[in-house]
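**Q** Got a file for you: final.csv, CSV, C-alpha atoms.
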```csv
chain,number,residue,atom,x,y,z
A,1,MET,CA,35.7,44.6,25.1
A,2,ILE,CA,34.9,45.5,28.7
A,3,ILE,CA,32.9,43.2,31.0
A,4,ALA,CA,31.0,44.7,34.0
A,5,ILE,CA,30.9,43.1,37.4
A,6,VAL,CA,28.5,44.3,40.1
A,7,ILE,CA,29.5,43.2,43.6
A,8,LEU,CA,27.1,42.2,46.5
A,9,ASP,CA,29.3,41.2,49.4
A,10,ARG,CA,28.8,40.9,53.1
A,11,ILE,CA,31.4,43.6,54.0
A,12,GLN,CA,28.9,46.4,54.1
A,13,PRO,CA,26.7,46.6,57.3
A,14,GLN,CA,23.0,46.2,57.3
A,15,LEU,CA,20.8,49.2,57.6
A,16,ASP,CA,18.2,48.9,60.3
A,17,ASN,CA,18.5,45.1,59.9
A,18,LYS,CA,17.9,45.4,56.2
A,19,ASP,CA,20.4,44.6,53.4
A,20,PRO,CA,21.2,47.9,51.6
A,21,TYR,CA,21.0,46.2,48.2
A,22,PHE,CA,17.3,45.6,48.5
A,23,LEU,CA,16.1,48.8,50.0
A,24,THR,CA,13.7,50.8,47.8
A,25,LEU,CA,14.4,54.0,46.1
A,26,GLY,CA,11.0,55.0,44.9
A,27,THR,CA,9.7,52.3,42.6
A,28,GLU,CA,12.9,50.2,42.4
A,29,THR,CA,15.5,48.7,44.7
A,30,VAL,CA,19.1,50.0,45.1
A,31,LEU,CA,20.3,46.9,43.2
A,32,GLU,CA,17.9,47.5,40.3
A,33,ARG,CA,19.0,51.2,40.0
A,34,VAL,CA,22.6,50.2,40.0
A,35,ALA,CA,22.0,47.4,37.4
A,36,ARG,CA,20.0,49.8,35.1
A,37,THR,CA,22.9,52.3,35.1
A,38,VAL,CA,25.5,49.6,34.4
A,39,LEU,CA,23.4,48.0,31.6
A,40,ARG,CA,23.3,51.4,29.8
A,41,GLY,CA,27.1,51.1,29.5
A,42,PRO,CA,29.1,49.6,26.6
A,43,PHE,CA,29.7,46.2,28.1
A,44,ALA,CA,30.0,42.9,26.4
A,45,GLY,CA,28.4,41.3,29.4
A,46,THR,CA,27.3,42.1,32.9
A,47,ILE,CA,28.0,39.7,35.9
A,48,ILE,CA,26.2,40.0,39.2
A,49,ALA,CA,28.6,38.6,41.8
A,50,SER,CA,26.7,37.8,45.0
A,51,ASP,CA,27.6,36.4,48.4
A,52,ALA,CA,25.6,33.2,49.0
A,53,ALA,CA,23.5,35.1,51.5
A,54,PHE,CA,22.2,37.4,48.7
A,55,SER,CA,22.4,35.3,45.6
A,56,ALA,CA,18.8,34.0,45.5
A,57,ARG,CA,17.2,37.4,46.2
A,58,ALA,CA,19.5,39.1,43.7
A,59,LYS,CA,18.4,36.6,41.0
A,60,GLU,CA,14.8,37.2,41.9
A,61,THR,CA,15.2,41.0,41.9
A,62,LEU,CA,17.0,41.1,38.6
A,63,ASP,CA,14.7,38.5,36.9
A,64,GLY,CA,14.5,39.7,33.2
A,65,PHE,CA,17.7,41.7,33.3
A,66,ALA,CA,20.3,40.8,30.8
A,67,VAL,CA,22.9,39.7,33.4
A,68,GLN,CA,24.8,36.6,34.4
A,69,HIS,CA,25.1,35.5,38.1
A,70,VAL,CA,28.0,34.1,40.0
A,71,GLU,CA,27.9,33.1,43.7
A,72,ALA,CA,30.8,32.8,46.1
A,73,ALA,CA,31.7,33.5,49.7
A,74,THR,CA,32.6,37.2,50.2
A,75,PRO,CA,36.4,36.7,50.7
A,76,ASP,CA,36.6,35.1,47.3
A,77,LEU,CA,33.8,37.0,45.5
A,78,ILE,CA,35.9,39.3,43.3
A,79,GLN,CA,38.3,36.6,42.2
A,80,SER,CA,35.4,34.2,41.4
A,81,ALA,CA,33.7,36.9,39.3
A,82,LEU,CA,36.9,37.7,37.5
A,83,LYS,CA,37.4,34.1,36.6
A,84,GLN,CA,33.8,34.0,35.2
A,85,ALA,CA,34.6,37.2,33.2
A,86,ASP,CA,37.7,35.6,31.8
A,87,SER,CA,35.7,32.5,30.9
A,88,PHE,CA,33.1,34.7,29.2
A,89,ARG,CA,35.9,36.4,27.2
A,90,GLN,CA,37.5,33.1,26.1
A,91,ARG,CA,34.1,31.9,24.9
A,92,TRP,CA,33.6,35.2,23.0
A,93,LYS,CA,37.0,34.9,21.4
A,94,LYS,CA,36.4,31.4,20.2
A,95,ALA,CA,33.0,32.4,18.8
A,96,MET,CA,34.6,35.3,17.0
A,97,ALA,CA,37.4,33.1,15.6
A,98,ALA,CA,34.9,30.6,14.4
A,99,ALA,CA,32.8,33.4,12.7
A,100,LYS,CA,36.0,34.8,11.1
A,101,ALA,CA,37.0,31.4,9.8
A,102,ARG,CA,33.6,30.9,8.3
A,103,PHE,CA,32.9,34.3,6.9
A,104,GLY,CA,35.9,36.6,7.1
A,105,ASP,CA,38.9,34.8,5.7
A,106,SER,CA,37.7,33.7,2.3
A,107,SER,CA,39.9,34.7,-0.5
A,108,THR,CA,37.3,34.1,-3.2
A,109,ALA,CA,36.7,36.7,-5.8
A,110,GLU,CA,33.3,37.5,-4.2
A,111,LYS,CA,35.0,38.5,-0.9
A,112,LYS,CA,37.4,40.7,-2.8
A,113,SER,CA,34.8,42.3,-5.0
A,114,SER,CA,34.4,46.0,-5.2
A,115,THR,CA,30.9,45.6,-3.9
A,116,ARG,CA,32.2,44.1,-0.7
A,117,LYS,CA,34.8,46.8,-0.4
A,118,ASP,CA,32.1,49.4,-0.9
A,119,ASP,CA,30.1,47.7,1.9
A,120,LYS,CA,33.1,47.9,4.2
A,121,THR,CA,33.6,51.6,3.4
A,122,ALA,CA,30.0,52.3,4.0
A,123,ARG,CA,30.1,50.6,7.4
A,124,LYS,CA,33.1,52.6,8.4
A,125,GLU,CA,31.5,55.8,7.3
A,126,ASP,CA,28.3,54.8,9.2
A,127,TRP,CA,30.3,54.3,12.4
A,128,ASP,CA,32.2,57.5,11.9
A,129,LYS,CA,28.8,59.2,11.8
A,130,HIS,CA,27.3,57.5,14.8
A,131,LYS,CA,30.3,57.6,17.1
A,132,GLY,CA,29.8,61.3,17.6
A,133,ASP,CA,26.2,60.8,18.6
A,134,PRO,CA,25.5,62.1,22.2
A,135,ASP,CA,24.1,58.8,23.4
A,136,VAL,CA,27.2,56.9,22.1
A,137,LYS,CA,29.4,59.3,24.0
A,138,LEU,CA,27.2,59.2,27.0
A,139,ARG,CA,27.5,55.5,27.4
A,140,GLY,CA,31.2,55.3,26.7
A,141,LEU,CA,30.6,53.2,23.6
A,142,ALA,CA,33.0,55.0,21.3
A,143,ARG,CA,36.0,54.1,23.5
A,144,SER,CA,35.0,50.7,24.9
A,145,PHE,CA,36.7,48.9,21.9
A,146,ASP,CA,40.1,50.6,22.5
A,147,ARG,CA,41.1,48.4,25.5
A,148,ASP,CA,40.0,45.1,27.0
A,149,GLY,CA,39.1,45.0,30.6
A,150,VAL,CA,36.8,44.4,33.5
A,151,MET,CA,34.9,47.2,35.3
A,152,LEU,CA,34.0,46.6,39.0
A,153,PHE,CA,30.9,48.2,40.6
A,154,ARG,CA,29.4,48.1,44.0
A,155,ALA,CA,25.7,47.3,44.3
A,156,ASN,CA,25.2,49.7,47.2
A,157,GLN,CA,26.3,52.8,45.2
A,158,PRO,CA,23.0,54.1,43.7
A,159,LEU,CA,24.0,57.7,42.8
A,160,LEU,CA,26.6,56.7,40.2
A,161,THR,CA,25.7,58.3,36.9
A,162,ILE,CA,26.0,57.0,33.4
A,163,GLU,CA,28.2,60.1,32.6
A,164,PHE,CA,30.8,59.3,35.2
A,165,GLN,CA,30.7,55.7,34.2
A,166,ALA,CA,31.6,56.7,30.7
A,167,GLN,CA,34.3,59.1,32.0
A,168,LEU,CA,36.1,56.3,33.7
A,169,ILE,CA,35.9,54.2,30.5
A,170,GLU,CA,37.3,57.1,28.5
A,171,ASN,CA,40.3,57.5,30.8
A,172,PHE,CA,40.9,53.7,30.9
A,173,ALA,CA,40.8,53.5,27.1
A,174,ARG,CA,42.9,56.6,26.5
A,175,GLU,CA,45.6,55.4,28.9
A,176,GLY,CA,45.9,52.2,26.9
A,177,VAL,CA,45.9,53.9,23.5
A,178,ASP,CA,48.4,56.6,24.5
A,179,LYS,CA,50.9,54.5,26.5
A,180,GLY,CA,50.5,51.0,25.1
A,181,SER,CA,52.4,48.4,27.1
A,182,ALA,CA,53.4,51.2,29.6
A,183,ALA,CA,49.7,51.9,30.5
A,184,ARG,CA,48.7,51.6,34.1
A,185,PRO,CA,46.6,48.4,34.5
A,186,PHE,CA,44.1,49.9,37.0
A,187,THR,CA,41.8,52.9,36.7
A,188,GLN,CA,39.9,53.9,39.9
A,189,ALA,CA,37.3,56.5,40.9
A,190,VAL,CA,38.5,58.9,43.6
A,191,TYR,CA,36.0,61.1,45.5
A,192,GLU,CA,37.5,64.1,47.2
A,193,GLY,CA,40.6,62.0,48.1
A,194,GLU,CA,38.7,58.8,49.0
A,195,ARG,CA,39.3,55.8,46.8
A,196,GLY,CA,36.3,53.8,45.7
A,197,TYR,CA,34.3,52.3,42.9
A,198,PRO,CA,33.9,51.8,40.0
A,199,MET,CA,37.4,50.7,39.0
A,200,LEU,CA,38.7,49.0,35.9
A,201,ILE,CA,41.3,46.3,35.4
A,202,ASP,CA,43.1,45.6,32.2
A,203,PHE,CA,42.4,42.0,31.0
A,204,GLU,CA,46.1,41.4,30.8
A,205,ASN,CA,46.2,41.8,34.6
A,206,VAL,CA,43.1,39.8,35.6
A,207,ALA,CA,45.1,36.7,36.1
A,208,GLU,CA,47.3,38.6,38.5
A,209,VAL,CA,44.3,39.5,40.7
A,210,THR,CA,42.8,36.0,40.5
A,211,ALA,CA,46.1,34.5,41.6
A,212,LEU,CA,46.2,36.5,44.8
A,213,PRO,CA,46.1,34.4,48.1
A,214,PRO,CA,42.5,33.5,49.2
A,215,ALA,CA,40.7,36.1,51.2
A,216,THR,CA,42.9,38.9,50.0
A,217,ASP,CA,41.3,42.3,50.5
A,218,PHE,CA,41.6,43.6,47.0
A,219,SER,CA,41.1,47.3,48.0
A,220,LYS,CA,43.9,47.1,50.5
A,221,TRP,CA,46.1,45.2,48.0
A,222,LEU,CA,45.5,48.0,45.5
A,223,LEU,CA,46.7,50.6,48.0
A,224,GLN,CA,50.1,48.9,47.8
A,225,HIS,CA,50.3,49.4,44.1
A,226,LEU,CA,49.1,53.0,43.6
A,227,ASP,CA,51.9,53.6,41.0
A,228,ARG,CA,49.9,51.3,38.8
A,229,VAL,CA,46.6,53.1,39.3
A,230,LYS,CA,45.2,55.9,37.2
A,231,ASP,CA,42.9,58.1,39.3
A,232,VAL,CA,39.8,59.7,38.0
A,233,ASN,CA,38.2,62.3,40.2
A,234,GLY,CA,34.4,62.2,40.6
A,235,ASP,CA,31.7,64.1,42.6
A,236,LYS,CA,31.6,63.0,46.2
A,237,ALA,CA,27.8,62.2,46.0
A,238,GLN,CA,28.4,59.6,43.3
A,239,GLY,CA,30.8,57.8,45.5
A,240,LEU,CA,28.1,57.4,48.3
A,241,GLN,CA,27.9,53.8,49.4
A,242,LEU,CA,25.0,52.9,51.6
A,243,ARG,CA,26.8,52.0,54.9
A,244,SER,CA,24.3,53.6,57.3
A,245,ASP,CA,20.8,54.8,57.7
A,246,ALA,CA,22.1,58.3,57.2
A,247,ASP,CA,23.6,57.3,53.9
A,248,TYR,CA,20.3,55.8,52.7
A,249,ARG,CA,18.4,58.9,53.7
A,250,GLU,CA,20.9,61.1,51.9
A,251,ALA,CA,20.4,59.0,48.7
A,252,CYS,CA,16.7,59.3,49.0
A,253,LEU,CA,16.9,63.1,49.5
A,254,ARG,CA,19.1,63.5,46.5
A,255,LEU,CA,16.8,61.3,44.4
A,256,LYS,CA,13.7,63.0,45.9
A,257,VAL,CA,12.0,59.8,47.0
A,258,LYS,CA,10.6,58.8,50.3
A,259,PRO,CA,12.8,56.6,52.5
A,260,ALA,CA,11.6,53.1,53.4
A,261,LEU,CA,13.3,53.2,56.8
```
Would it be possible to restate this file's structure as structure tokens?

**A**
Amino acid sequence: MIIAIVILDRIQPQLDNKDPYFLTLGTETVLERVARTVLRGPFAGTIIASDAAFSARAKETLDGFAVQHVEAATPDLIQSALKQADSFRQRWKKAMAAAKARFGDSSTAEKKSSTRKDDKTARKEDWDKHKGDPDVKLRGLARSFDRDGVMLFRANQPLLTIEFQAQLIENFAREGVDKGSAARPFTQAVYEGERGYPMLIDFENVAEVTALPPATDFSKWLLQHLDRVKDVNGDKAQGLQLRSDADYREACLRLKVKPAL
């Protein structure tokens, strides 16, 4: 199970006195575009982590989207979101345990019947058939069950594609399957040598990150632990974060839409 977290912090500068998350790209905002890409992924849940300055507008912008919201001051935003993700995971585990206790652990003859076994075989064959479907591969669904983690996104990165999103998940999952306990706990996108987002964290290491001192710059902290990071190279355009008017105009040019600035 992987949980997605989309970050709206105050680190990024405003563009022409406008917050980059709410600038328009054609018929939708930057935030909406990022959220739509993320929601096509294989995530058990999606959390929108917003600084208090953006929280109300983020909720309004994403009204109707299947997301949860968490609000915190920027220095503590990632850690607060990770705690919410862990809480989500614990609730999910309890629900699954309750369902298994009620429906999955019966030793009655009915549960052991050949009909039930045939049903299980049929379900496996059905998944074997569908896991090769192009859309399943495109969304990273086929590998999202191989390793539990959290995937961090930035809400000012509108050119990220569903394909690269899935590639990161593929690498994260394969690392876990191939290396087991020796797997590197972090997987990070790298764009022509520049480290960026998205990045994934193994759930076994979420507590380590949430226990960091308050106001720790997570990106800088990660630079001190590169031996624990698996790099995944991506096209530089996908790593574009809207930090300036020029960045916004480049995004509009690539998406063939008219700039609002």

**Q** Name the residues in contact with Leu25 in chain A at a cut-off of 8 Å, using all atoms listed in the file, excluding same-chain residues fewer than 2 positions from it; report them as a ChimeraX atom specification.

**A** /A:23,27-30,252,255,257-260

**Q** Which of these residues is nearest to Pro20 in chain A, using all atoms listed in the file: A:Asp245, A:Asp202, A:Asp148, A:Glu250?

**A**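 Looking only at the distances to Pro20 in chain A, the closest residue turns out to be A:Asp245.
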
**Q** So, with only C-alpha atoms as the atoms that count, which of A:Gln188, A:Asn156, A:Thr37, A:Ser181 lies closest to Gln14 in chain A?

**A**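 Once distances to Gln14 in chain A are computed over only C-alpha atoms, the minimum belongs to A:Asn156.
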
**Q** If I take CA of Lys94 in chain A and CA of Ala183 in chain A, how far is one from the other in Å, to one decimal?

**A** 26.5 Å

**Q** Quick one: residues within 8 Å of Gln157 in chain A, all atoms listed in the file counted, chain neighbours fewer than 6 positions away excluded, as a list in words?

**A** Val30, Val34, Gln238, Gly239, Leu240, Gln241 and Leu242 of chain A

**Q** Smallest atom-to-atom distance to Ile47 in chain A: which of A:Leu15, A:Ala166, A:Val190, A:Leu8, using all atoms listed in the file?

**A**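 Using all atoms listed in the file, Ile47 in chain A sits closest to A:Leu8.
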
**Q** Would you mind reading off the distance between CA of Gln90 in chain A and CA of Glu175 in chain A, one decimal, in Å?

**A** 23.9 Å

**Q** Taking into account only C-alpha atoms, which residue in the set A:Ala4, A:Lys100, A:Ser80, A:Pro13 is nearest to Ala66 in chain A?

**A**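 Nearest candidate to Ala66 in chain A out of A:Ala4, A:Lys100, A:Ser80, A:Pro13: A:Ala4.
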
**Q** To one decimal in Å, tell me the separation between CA of Lys59 in chain A and CA of Asp16 in chain A.

**A**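 Pair CA of Lys59 in chain A / CA of Asp16 in chain A returns 22.9 Å.
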
**Q** Between A:Thr161, A:Leu152, A:Pro213, A:Glu32, which residue has the minimum interatomic distance to Asp63 in chain A, considering all atoms listed in the file?

**A**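 Using all atoms listed in the file, Asp63 in chain A sits closest to A:Glu32.
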
**Q** From the set A:Asp231, A:Glu208, A:Asp178, A:Glu163, which residue has the shortest atom-to-atom contact distance to Glu194 in chain A, counting all atoms listed in the file?

**A** A:Asp231

**Q** Which polymer residues have any atom within 10 Å of an atom of His69 in chain A, counting only C-alpha atoms, with same-chain residues fewer than 6 positions away left out, as a PyMOL selection string?

**A** chain A and resi 5-6+46-50+55-56+58-59+62+81+84

**Q** List the spatial neighbours of Ala73 in chain A as a list in words - criterion: any atom at most 10 Å away, all atoms listed in the file, same-chain residues fewer than 5 positions off excluded.

**A**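 Within the cut-off, the hits are Asp9, Arg10, Ala49, Ser50, Asp51, Ala52, Ala53, Ile78, Ser80 and Ala215 of chain A.
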
**Q** Keeping C-alpha atoms, export the residues of the selection given above as a compact mmCIF listing (two decimals), keeping the file's coordinate frame.

**A**
```txt
# COMPACT_ATOMS: atom_id res chain seq x y z
CA ASP A 9 29.30 41.20 49.40
CA ARG A 10 28.80 40.90 53.10
CA ALA A 49 28.60 38.60 41.80
CA SER A 50 26.70 37.80 45.00
CA ASP A 51 27.60 36.40 48.40
CA ALA A 52 25.60 33.20 49.00
CA ALA A 53 23.50 35.10 51.50
CA ILE A 78 35.90 39.30 43.30
CA SER A 80 35.40 34.20 41.40
CA ALA A 215 40.70 36.10 51.20
```
